[in-house]
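Just below is one structure, and these are the notes that go with it.
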Amino acid sequence: MKCKKLSLIGLVMFDFLSLGFTSSGTRTGNPISKHTHLRKGEMTMRFIAIAAFVFTVAFAVTTQSAFGQHPVDPNTLNPPPPPEFNPICKDTGNGTVCTVQFSDPPFAGGSGVICTSGGTTYEVFQFQNRSVLGHRYYDRSGNLLRRHYREVLSGTFSNPLNGAAVSFSGGDTHLHDLAVPGDISSGTEVMTGSFRINKRQGGSVLVDTGRQVVTEDGTLVSESGQHPFNDYFIFGNSEALQPLCDALQ
């Protein structure tokens, strides 16, 4: 961009000097012959126009250089965002920011929730869609510093024995600050959001909502709010998801 700037200004200054003026606006007395018949007023107006054009070009090039965001190859970053995240990365001057946006393939399988119906035990079947929109922040050396994204979930829980099903929906925001730049397994992740299982006739079966802090190996550091899924899967409270089992009778 700097070469282009000099080239444009150089061309304009050549045209200006061809009028027989120095850069200070003083007549040289040796103008190119095609301009010798220009009147003084015409010469002054042309000088003003050329000076304004030079300023405009210089300002535009400087602005683009100062505020422009240049593309960055994701593969040059540590760690690079997975290609299935559809990353678009740009140099901000202080580092690199990658925008990611993707949807997981639909999940269909066991939920890990065990219920009993009529003396028969079964695993609740889960169907789920998940979409994600977020950003990854890298330092000037290309090392990952932060992941910040929003995920949206929807789907159903069902009883494979009788076909009864209830829908669910929710979303949460994840903020992961790495303790070691470039080491995605380091640091803690803060999750805030809500998840709701809906009754077939309206209303809620149960709600999971609030804030959680976890390490990248899944260890729960702290939580606030109500989290029946944590109560069931982490703390072993088998009654925590009983409302879901009841809704699938």
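The way I read the labels, and the way they are meant: chains A, B, ... in the order of the structure tokens, residue 1 as the first residue of every chain, and ligand 1 as the first ligand shown, with later ones counted on from there.
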### strand (DSSP E or B) positions in range 39-192 of chain A, given as a ChimeraX atom specification
/A:70-72,78,88-91,96-103,107-117,120-138,143-158,165-177,188-192
### Message
Excluding Gly155 in chain A and its own-chain neighbours fewer than 2 positions away, which residues fall within 6 Å of it when counting only C-alpha atoms? Please give them as a VMD selection string.
### Response
chain A and resid 127 to 128 167 to 168
### Query
What does the distance between CA of Glu151 in chain A and CA of Asp172 in chain A come to in Å, to one decimal place?
5.7 Å
### Task
Could you give me, as a list in words, the residues within 12 Å of Asn143 in chain A, counting only C-alpha atoms and dropping anything in the same chain fewer than 6 positions from it?
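Here the qualifying residues turn out to be Pro74, Asn75, Thr76, Leu77, Asn78, Pro79, Pro80, Pro81, Gly95, Thr96, Val97, Arg136, Tyr137, Leu178, Ala179, Val180, Pro181, Gly182, Asp183 and Ile184 of chain A.
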### Task
Write out as a list in words each polymer residue whose atoms come within 8 Å of Leu241 in chain A, counting only C-alpha atoms; drop sequence neighbours fewer than 3 positions from it.
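My reading of the contact set: Val113, Pro228, Phe229, Tyr232, Ser238, Leu244 and Cys245 of chain A.
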Would you save the residues of that selection, restricted to C-alpha atoms, as a compact mmCIF listing (two decimals), in the first residue's frame?
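Result file follows (again-v3.txt):
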# COMPACT_ATOMS: atom_id res chain seq x y z
CA VAL A 113 -30.16 -40.68 31.91
CA PRO A 228 -30.06 -30.65 37.96
CA PHE A 229 -27.87 -32.24 35.28
CA TYR A 232 -27.35 -36.14 38.49
CA SER A 238 -30.41 -40.06 41.08
CA LEU A 244 -37.91 -36.00 33.15
CA CYS A 245 -38.60 -39.67 33.81
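Between CA of Leu248 in chain A and CA of Val152 in chain A the interatomic distance comes to 23.7 Å.
Pairwise distance (CA of Val213 in chain A, CA of Phe195 in chain A) equals 16.5 Å.
Of the residues under consideration (A:Gly203, A:Gly187, A:Gly163, A:Gly193), A:Gly187 shows the shortest atom-to-atom contact distance to Thr219 in chain A when counting only C-alpha atoms.
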Extract the full set of helix (DSSP H, G or I) residues from range 69-187 of chain A according to DSSP on the backbone, and format it as a compact mmCIF listing (two decimals) with N, CA and C atoms, in the first residue's frame.
# COMPACT_ATOMS: atom_id res chain seq x y z
N PRO A 74 -5.53 -19.37 8.69
CA PRO A 74 -5.76 -20.03 9.99
C PRO A 74 -4.70 -21.07 10.33
N ASN A 75 -4.10 -21.67 9.32
CA ASN A 75 -3.11 -22.72 9.56
C ASN A 75 -1.81 -22.20 10.15
N THR A 76 -1.63 -20.88 10.16
CA THR A 76 -0.41 -20.30 10.74
C THR A 76 -0.57 -20.04 12.23
N PRO A 83 -10.87 -26.68 10.60
CA PRO A 83 -11.46 -26.21 9.34
C PRO A 83 -12.98 -26.35 9.30
N GLU A 84 -13.52 -27.34 10.05
CA GLU A 84 -14.97 -27.51 10.06
C GLU A 84 -15.69 -26.39 10.82
N PHE A 85 -14.91 -25.54 11.52
CA PHE A 85 -15.48 -24.37 12.18
C PHE A 85 -15.67 -23.20 11.21
### Task
Would you please work out which residue, of A:Ser169, A:Leu153, A:Asn86, A:Pro160, is nearest to Gly134 in chain A when using only C-alpha atoms?
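Of A:Ser169, A:Leu153, A:Asn86, A:Pro160, the one nearest Gly134 in chain A is A:Asn86, counting only C-alpha atoms.
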